[in-house]
Each structure stands twice: as structure tokens, then as C-alpha cells.
Amino acid sequence: MRVHFIAIGGSAMHNIALAVAAAGHQVTGSDDQIFEPSRGRLAAAHLLPEEDGWHPEKLDESIDVVVLGMHARPDNPELLKAQSLGLQIQSYPEFLRAANGHATRVVIGGSHGKTTITSMLLHAMQSMNIDTNFMVGAQLEGFDCMVEIDPSRSWCILEGDEYLSSPIDRRPKFFWYEAQFTLLTGIAWDHINVFPTEENYIQQFDTYLESLAPNATVVWCAEDQALEKVVRRCTRTDLKFIPYQTPPCSPYANGTMTLTFEGDRVVTTHLVGTHNIQNLAGARTLAQAMGLDVLAFDAAIASFRGAARRLEPLHIREGFTVFRDFAHAPSKVKATVHGVKASYPDRTLTAVLELHTFSSLNKDFLPTYHQAMEGADEAVVYYDPAILEHKRLPPLDPQFVADAFGDHPNLRVITDASELHQHVQGLEPSQRVVLLMSSGWFGNAEWSW
């Protein structure tokens, strides 16, 4: 089979391309910009396009499937050529669904925690020697590629994204998967550029439950009020709903926490933050629902260190710890800040948030960050005015940004990357935790401690 990827450089797209090539198929692709690590990984697999840009003259009837990434536009010249030739065009979730039609599909969805829970489940299944197909949104220790497709495997674990499938398929990605098992972590409005109101955003989860396979099992967080309302009003009588909640846990000490399940079952984890303990409870409940050995899951999770950029330690020394996290939406920021503070109650927590996404830089959306940083002793909010220009958004007044976060007594707004770097590097390290949160890269700052 020949598969052509339009916008092959994307995080998910390049991983899918690598997996398809590894499965023995012919892969070609294109993109107008490809950055690391995608560029190096594609080059190592001899899949990097010879030159950047779009080349419709290279498409012909020998292509079996064109996979269209979100980075492309509806008027992309290669897309137009594929349409004129009558080629089969799929979004990547549609492609993954077709490639895993034989497998039992397990989808982890929700506004936060998806990558972490997906990674936990994959880590445990690998430890149990259970081969599975999968797609996850971050690099995970022990896995070379973050997508695997093998028609001989009976399981498929998918991180379920509620964002759009492709430029010409405006449905959320997780609608495609028809999951037999799913986990939902919670619902908190995001993606204002696509879902203009909170009501519209929540409706996607109502529709998602309707899209599940017959007799599917739904594991859901009983501590999320918005999600509870969605579950309660679901009219499908064939679905099995299994709630979970945060278990009792010890304070973080000597690099670990202990959790208690079923009254007396003690589980040890290296994870930091009460929100990650909730994620672990969800992953464990899902594993049980799937019929996996829960004792084997508990043993495996003791060695789980987390996924890349999910409370990833950048620096640890006596009395001073620096974490890097992907949190950017209000609910994710609040949960991460509170979780880290709960794990280090006796240290000064300096939380640094970069506003980088379309939603976070939108003046109408910014007030949803109210009190998102309240758990931090010191808070820094950074944004780059040039990013606003690039996204064609109006300028933001730093005072408006500060007011949007509420009355934090120690909040500082910074709009210059060098000033941010100087401020963070100059923090007194004694008895301090620094939490760096962003889906971007803080102006490509190179931190050193």
C-alpha cells in the first residue's frame, strides 16, 4: 500500500508515517516546515521530503490513501490535486480507525490528563508483555515511536483528542474511533477558536458517548461536575459506566508517594501531584475494566516515571526542584499548580506559565484563567507579542492579563523572553520548586541551574 502524508511533520503525523513505513508500506510526504524532533526522525527513516513545500505534481493514481494533517489548509495544492484525482483522503484519526478495525479499541479522552493516562496504560501493558497498537501524544520511556500499527495485535490504545480531525473534517478526532472501552478525565472549556462557547464544547462529549461502539464501557472521573452531568443525561442504555476518584495518598517524600486502594492495597508511585494520583486511579480502573491483572498493573506502575513534558524533572538537587509541564489550558494549569504545591507544601512554589495557544491569547478567553495560579506562592505569566501578531490576534495589555488571573499578591506579567530568562534564572534556589508550564518553548530559552 502507498500512503501519502500531507503535513507529514506534525507530532502525530510523523509518528504515524514512521509506523506505516515500519509495517512495510510505501510512505511519501510533504510539508512547508518541519522542525525537530520530527525532522531528524523522518530523516533517519529516509522519509524526510527532499525539499520543503507542496508538490502536487508528485501525486498520482498509484496512491492508495492520502492522510491529511491539520497543518494543511483547505486550499492546499496537494489536497486539491488529490481531490481532482479522486484519491481516498482521510484524516489521521480516520486512518487509525481503519487500520485498527480488527482490534479492541481503548480511547482515553477528556480535557486534561489524556497523555499521562495513556502512557500509564501502555507502560503497564508493556511490563505485562501484552503487545498493543497505540497512539500517544508524547515521548514515553521504553518506546521508540509513539504510534504502532500491527494487524496481528488484538488491542489498540488511543489518546482521544476532542480537537478537529482535519481542515476538511471539522469533527473532533475521537468521534472516529468507535471505542469499546473509554476513559474520560473531565471537561473544561478549551479551543475557543473552534468551540466558541462552553456549552458548544461540552456538547462534543455528549456526542462522543453516542459515537461509542455497542455495549462499550465508560470509565469516568466522578469528581468532575461537568462530566457527571454529561454521564447522567446520556440516554444510551447499553453503555456500562464505571466511576473513579482520587484515592487516599501519603505526602510526597524521598521521591515517592503511596496510595491506598480497596481499603488496604498499597501502591507506590514516583509521580508528583494529586492530579496525577487521580490520573493513576483512572488508569488502574480502566485496566481492571479491560480485564488486565490489577496486581501486575500495580507492580508495573511503581516504575513509571511519566511522559515527556508532563511534570518532567529538569533539575533536582537538595531543596531545589524544577519541573517542565505541558499544562496550558486553565483547568490543567490549576490542577498542576495545586498538585505540585500539595506535594511540596514546605517549599516556595514559583509557577511560570507561557500563554502560547490561540485560546490562551484570546482576550475573551483569558478571564477563564481566574485564580488558576492561586496555589503558587509566586506566579509569572509570560507571552510574546510577536506570537499575537503571528496568530493575527489583537495586542494584549499586561495589566489586563494580570487582572484576568485574579488578585494574586505575587503575580508578575513578562512580555520579553530575555527578561523572563533573567528572572527565572535569578530565583533563590533554597527550598524552592519552579514549575514551567507551556505547550510552547518560552522563547527557546535555554535553562541552566
# chains A, B, ... in the order shown; residues from 1 in each chain; ligands from 1

call {"tool": "closest_atom_pairs", "arguments": {"of": "segment 223-311 of chain A", "to": "segment 346-359 of chain A", "cutoff": "12 Å", "atoms": "only C-alpha atoms", "output": "tab-separated table"}}
result
residue	atom	partner	partner_atom	distance
A:Pro251	CA	A:Asp346	CA	11.1
A:Tyr252	CA	A:Asp346	CA	11.1
A:Ala253	CA	A:Asp346	CA	11.6

call {"tool": "residues_around", "arguments": {"residues": "Gly24 of chain A", "least_positions_apart": "5", "cutoff": "10 Å", "atoms": "only C-alpha atoms", "output": "MDAnalysis selection string"}}
result
chainID A and resid 1:2 19

call {"tool": "write_last_selection", "arguments": {"atoms": "C-alpha atoms", "output": "PDB file, in the first residue's frame"}}
result
ATOM      1  CA  MET A   1       0.000   0.000   0.000  1.00  0.00           C
ATOM      2  CA  ARG A   2       1.194   3.518  -0.817  1.00  0.00           C
ATOM      3  CA  ALA A  19       4.654   3.355  11.951  1.00  0.00           C
TER       4      ALA A  19
END

call {"tool": "closest_atom_pairs", "arguments": {"of": "segment 5-68 of chain A", "to": "segment 118-133 of chain A", "cutoff": "12 Å", "atoms": "only C-alpha atoms", "output": "Markdown table"}}
result
| residue | atom | partner | partner_atom | distance |
| --- | --- | --- | --- | --- |
| A:Ile16 | CA | A:Asn133 | CA | 11.4 |
| A:Ala19 | CA | A:Asn133 | CA | 10.0 |
| A:Val20 | CA | A:Asn133 | CA | 11.8 |
| A:Ala23 | CA | A:Asn133 | CA | 11.7 |

call {"tool": "closest_residue", "arguments": {"among": "A:Ala22, A:Met290, A:Leu311, A:Val65", "to": "Ile157 of chain A", "atoms": "only C-alpha atoms"}}
result
A:Met290

call {"tool": "residues_around", "arguments": {"residues": "segment 314-329 of chain A", "least_positions_apart": "4", "cutoff": "6 Å", "atoms": "only C-alpha atoms", "output": "list in words"}}
result
Arg309, Arg310, Val333, Pro429, Ser430, Gln431, Arg432, Val433, Val434, Leu435, Leu436, Met437, Ser438 and Ser439 of chain A

call {"tool": "write_last_selection", "arguments": {"atoms": "N, CA and C atoms", "output": "compact mmCIF listing (two decimals), in the first residue's frame"}}
result
# COMPACT_ATOMS: atom_id res chain seq x y z
N ARG A 309 7.55 16.05 29.11
CA ARG A 309 6.90 17.34 29.31
C ARG A 309 5.62 17.22 30.14
N ARG A 310 5.47 16.15 30.90
CA ARG A 310 4.35 16.02 31.83
C ARG A 310 4.95 15.92 33.22
N VAL A 333 -3.68 24.07 34.17
CA VAL A 333 -2.78 24.92 34.97
C VAL A 333 -3.15 24.84 36.45
N PRO A 429 17.43 29.52 44.97
CA PRO A 429 17.06 28.10 44.86
C PRO A 429 16.72 27.41 46.18
N SER A 430 17.06 27.99 47.28
CA SER A 430 16.87 27.29 48.56
C SER A 430 15.40 27.03 48.85
N GLN A 431 15.06 25.77 49.09
CA GLN A 431 13.70 25.34 49.46
C GLN A 431 12.66 25.90 48.47
N ARG A 432 12.91 25.65 47.19
CA ARG A 432 12.03 26.18 46.15
C ARG A 432 11.73 25.10 45.10
N VAL A 433 10.52 25.20 44.54
CA VAL A 433 10.13 24.43 43.37
C VAL A 433 9.76 25.41 42.26
N VAL A 434 10.35 25.23 41.08
CA VAL A 434 10.00 26.04 39.92
C VAL A 434 9.20 25.15 38.96
N LEU A 435 8.02 25.62 38.57
CA LEU A 435 7.14 24.88 37.68
C LEU A 435 6.98 25.66 36.39
N LEU A 436 7.53 25.15 35.28
CA LEU A 436 7.47 25.80 33.99
C LEU A 436 6.37 25.14 33.16
N MET A 437 5.33 25.89 32.83
CA MET A 437 4.16 25.34 32.13
C MET A 437 3.95 26.01 30.78
N SER A 438 3.89 25.19 29.72
CA SER A 438 3.64 25.74 28.39
C SER A 438 3.52 24.62 27.38
N SER A 439 2.73 24.87 26.33
CA SER A 439 2.75 24.00 25.16
C SER A 439 3.76 24.53 24.14

call {"tool": "closest_residue", "arguments": {"among": "A:Pro214, A:Pro49, A:Gly160, A:Pro330", "to": "Gly137 of chain A", "atoms": "only C-alpha atoms"}}
result
A:Gly160

call {"tool": "select_by_dssp", "arguments": {"residues": "segment 57-304 of chain A", "states": "strand (DSSP E or B)", "output": "JSON, numbers by chain"}}
result
{"A": [65, 66, 67, 68, 89, 90, 91, 104, 105, 106, 107, 108, 109, 133, 134, 135, 147, 148, 155, 156, 157, 158, 159, 164, 165, 166, 169, 170, 171, 172, 181, 182, 183, 184, 217, 218, 219, 220, 221, 240, 241, 242, 243, 244, 249, 253, 256, 257, 258, 259, 260, 261, 265, 266, 267, 268, 269]}

call {"tool": "write_last_selection", "arguments": {"atoms": "C-alpha atoms", "output": "mmCIF file, in the first residue's frame"}}
result
data_model
loop_
_atom_site.group_PDB
_atom_site.id
_atom_site.type_symbol
_atom_site.label_atom_id
_atom_site.label_comp_id
_atom_site.auth_asym_id
_atom_site.auth_seq_id
_atom_site.Cartn_x
_atom_site.Cartn_y
_atom_site.Cartn_z
ATOM 1 C CA VAL A 65 -4.590 6.752 0.754
ATOM 2 C CA VAL A 66 -3.807 10.420 1.372
ATOM 3 C CA VAL A 67 -3.608 11.286 5.091
ATOM 4 C CA LEU A 68 -4.355 14.968 5.655
ATOM 5 C CA ILE A 89 -8.435 11.232 1.580
ATOM 6 C CA GLN A 90 -8.533 10.563 5.324
ATOM 7 C CA SER A 91 -7.792 12.481 8.482
ATOM 8 C CA THR A 104 -10.449 -3.791 20.639
ATOM 9 C CA ARG A 105 -10.099 -0.018 20.745
ATOM 10 C CA VAL A 106 -9.446 1.751 24.062
ATOM 11 C CA VAL A 107 -9.712 5.563 23.934
ATOM 12 C CA ILE A 108 -8.573 7.937 26.694
ATOM 13 C CA GLY A 109 -10.334 11.312 26.393
ATOM 14 C CA ASN A 133 -1.208 -0.964 18.816
ATOM 15 C CA PHE A 134 -1.295 2.600 20.081
ATOM 16 C CA MET A 135 -1.094 6.329 19.520
ATOM 17 C CA VAL A 147 2.463 5.075 17.150
ATOM 18 C CA GLU A 148 2.466 1.376 16.350
ATOM 19 C CA TRP A 155 -5.645 -4.284 21.424
ATOM 20 C CA CYS A 156 -5.350 -0.657 20.323
ATOM 21 C CA ILE A 157 -4.802 2.156 22.873
ATOM 22 C CA LEU A 158 -5.538 5.662 21.568
ATOM 23 C CA GLU A 159 -5.233 9.118 23.094
ATOM 24 C CA LEU A 164 -10.718 18.859 14.855
ATOM 25 C CA SER A 165 -9.787 15.915 12.631
ATOM 26 C CA SER A 166 -8.530 17.818 9.565
ATOM 27 C CA ASP A 169 -13.209 17.231 8.501
ATOM 28 C CA ARG A 170 -14.436 19.527 11.261
ATOM 29 C CA ARG A 171 -15.405 16.777 13.689
ATOM 30 C CA PRO A 172 -13.437 16.046 16.868
ATOM 31 C CA PHE A 181 -13.530 0.932 26.202
ATOM 32 C CA THR A 182 -13.066 4.598 27.014
ATOM 33 C CA LEU A 183 -11.933 6.761 29.905
ATOM 34 C CA LEU A 184 -12.983 10.386 30.380
ATOM 35 C CA THR A 217 -17.533 0.519 28.864
ATOM 36 C CA VAL A 218 -17.065 4.131 30.067
ATOM 37 C CA VAL A 219 -14.653 4.797 32.943
ATOM 38 C CA TRP A 220 -15.159 8.349 34.200
ATOM 39 C CA CYS A 221 -13.909 10.712 36.915
ATOM 40 C CA LYS A 240 -21.555 0.420 31.220
ATOM 41 C CA PHE A 241 -20.396 3.375 33.370
ATOM 42 C CA ILE A 242 -17.635 2.856 35.964
ATOM 43 C CA PRO A 243 -16.670 5.891 38.119
ATOM 44 C CA TYR A 244 -13.302 6.510 39.763
ATOM 45 C CA CYS A 249 -2.313 9.088 49.454
ATOM 46 C CA ALA A 253 8.713 12.165 50.280
ATOM 47 C CA THR A 256 7.684 8.587 46.022
ATOM 48 C CA MET A 257 4.083 8.669 47.193
ATOM 49 C CA THR A 258 1.974 5.761 48.425
ATOM 50 C CA LEU A 259 -1.684 5.275 47.500
ATOM 51 C CA THR A 260 -4.303 3.063 49.081
ATOM 52 C CA PHE A 261 -6.884 1.173 47.019
ATOM 53 C CA ARG A 265 -3.998 -2.277 48.818
ATOM 54 C CA VAL A 266 -0.893 -0.026 48.901
ATOM 55 C CA VAL A 267 0.627 1.169 45.612
ATOM 56 C CA THR A 268 3.869 3.141 45.273
ATOM 57 C CA THR A 269 4.456 5.767 42.587
#

call {"tool": "closest_residue", "arguments": {"among": "A:Ser111, A:Gln83, A:Thr285, A:Asn193", "to": "Ala226 of chain A", "atoms": "only C-alpha atoms"}}
result
A:Ser111

call {"tool": "residues_around", "arguments": {"residues": "Ala45 of chain A", "least_positions_apart": "2", "cutoff": "12 Å", "atoms": "only C-alpha atoms", "output": "PyMOL selection string"}}
result
chain A and resi 14-15+17-22+26-28+38-43+47-49+145

call {"tool": "write_last_selection", "arguments": {"atoms": "N, CA and C atoms", "output": "mmCIF file, in the first residue's frame"}}
result
data_model
loop_
_atom_site.group_PDB
_atom_site.id
_atom_site.type_symbol
_atom_site.label_atom_id
_atom_site.label_comp_id
_atom_site.auth_asym_id
_atom_site.auth_seq_id
_atom_site.Cartn_x
_atom_site.Cartn_y
_atom_site.Cartn_z
ATOM 1 N N HIS A 14 3.956 12.581 11.861
ATOM 2 C CA HIS A 14 5.240 11.951 11.528
ATOM 3 C C HIS A 14 5.374 10.601 12.231
ATOM 4 N N ASN A 15 4.800 10.475 13.426
ATOM 5 C CA ASN A 15 4.833 9.189 14.116
ATOM 6 C C ASN A 15 4.001 8.134 13.380
ATOM 7 N N ALA A 17 3.394 8.168 10.153
ATOM 8 C CA ALA A 17 4.165 7.855 8.949
ATOM 9 C C ALA A 17 5.265 6.844 9.254
ATOM 10 N N LEU A 18 5.969 7.031 10.354
ATOM 11 C CA LEU A 18 7.020 6.090 10.745
ATOM 12 C C LEU A 18 6.451 4.700 10.992
ATOM 13 N N ALA A 19 5.278 4.643 11.647
ATOM 14 C CA ALA A 19 4.654 3.355 11.951
ATOM 15 C C ALA A 19 4.196 2.649 10.679
ATOM 16 N N VAL A 20 3.637 3.403 9.748
ATOM 17 C CA VAL A 20 3.162 2.818 8.489
ATOM 18 C C VAL A 20 4.347 2.274 7.688
ATOM 19 N N ALA A 21 5.436 3.034 7.656
ATOM 20 C CA ALA A 21 6.633 2.574 6.954
ATOM 21 C C ALA A 21 7.209 1.330 7.627
ATOM 22 N N ALA A 22 7.211 1.323 8.972
ATOM 23 C CA ALA A 22 7.738 0.170 9.703
ATOM 24 C C ALA A 22 6.912 -1.081 9.456
ATOM 25 N N GLN A 26 4.678 1.669 1.578
ATOM 26 C CA GLN A 26 5.411 2.754 0.930
ATOM 27 C C GLN A 26 4.852 4.089 1.415
ATOM 28 N N VAL A 27 5.735 4.944 1.922
ATOM 29 C CA VAL A 27 5.314 6.210 2.513
ATOM 30 C C VAL A 27 6.008 7.362 1.813
ATOM 31 N N THR A 28 5.215 8.365 1.446
ATOM 32 C CA THR A 28 5.751 9.638 0.979
ATOM 33 C C THR A 28 5.057 10.741 1.768
ATOM 34 N N SER A 38 10.755 16.008 14.761
ATOM 35 C CA SER A 38 10.166 15.331 13.602
ATOM 36 C C SER A 38 11.167 15.224 12.451
ATOM 37 N N ARG A 39 11.898 16.305 12.205
ATOM 38 C CA ARG A 39 12.801 16.332 11.047
ATOM 39 C C ARG A 39 13.865 15.238 11.133
ATOM 40 N N GLY A 40 14.513 15.155 12.275
ATOM 41 C CA GLY A 40 15.572 14.164 12.441
ATOM 42 C C GLY A 40 15.044 12.738 12.399
ATOM 43 N N ARG A 41 13.876 12.523 12.949
ATOM 44 C CA ARG A 41 13.321 11.174 12.982
ATOM 45 C C ARG A 41 12.876 10.728 11.595
ATOM 46 N N LEU A 42 12.290 11.655 10.829
ATOM 47 C CA LEU A 42 11.925 11.328 9.452
ATOM 48 C C LEU A 42 13.161 11.070 8.593
ATOM 49 N N ALA A 43 14.199 11.880 8.804
ATOM 50 C CA ALA A 43 15.435 11.702 8.035
ATOM 51 C C ALA A 43 16.069 10.341 8.325
ATOM 52 N N LEU A 47 12.408 9.156 5.287
ATOM 53 C CA LEU A 47 11.073 9.634 4.930
ATOM 54 C C LEU A 47 11.001 11.155 4.825
ATOM 55 N N LEU A 48 12.096 11.839 5.094
ATOM 56 C CA LEU A 48 12.086 13.304 5.034
ATOM 57 C C LEU A 48 11.950 13.761 3.588
ATOM 58 N N PRO A 49 10.982 14.632 3.292
ATOM 59 C CA PRO A 49 10.849 15.138 1.913
ATOM 60 C C PRO A 49 12.146 15.783 1.434
ATOM 61 N N CYS A 145 8.821 4.788 18.992
ATOM 62 C CA CYS A 145 7.861 5.575 18.219
ATOM 63 C C CYS A 145 6.564 5.651 19.004
#

call {"tool": "residues_around", "arguments": {"residues": "Val380 of chain A", "least_positions_apart": "4", "cutoff": "6 Å", "atoms": "only C-alpha atoms", "output": "number ranges by chain"}}
result
A: 352, 411-413
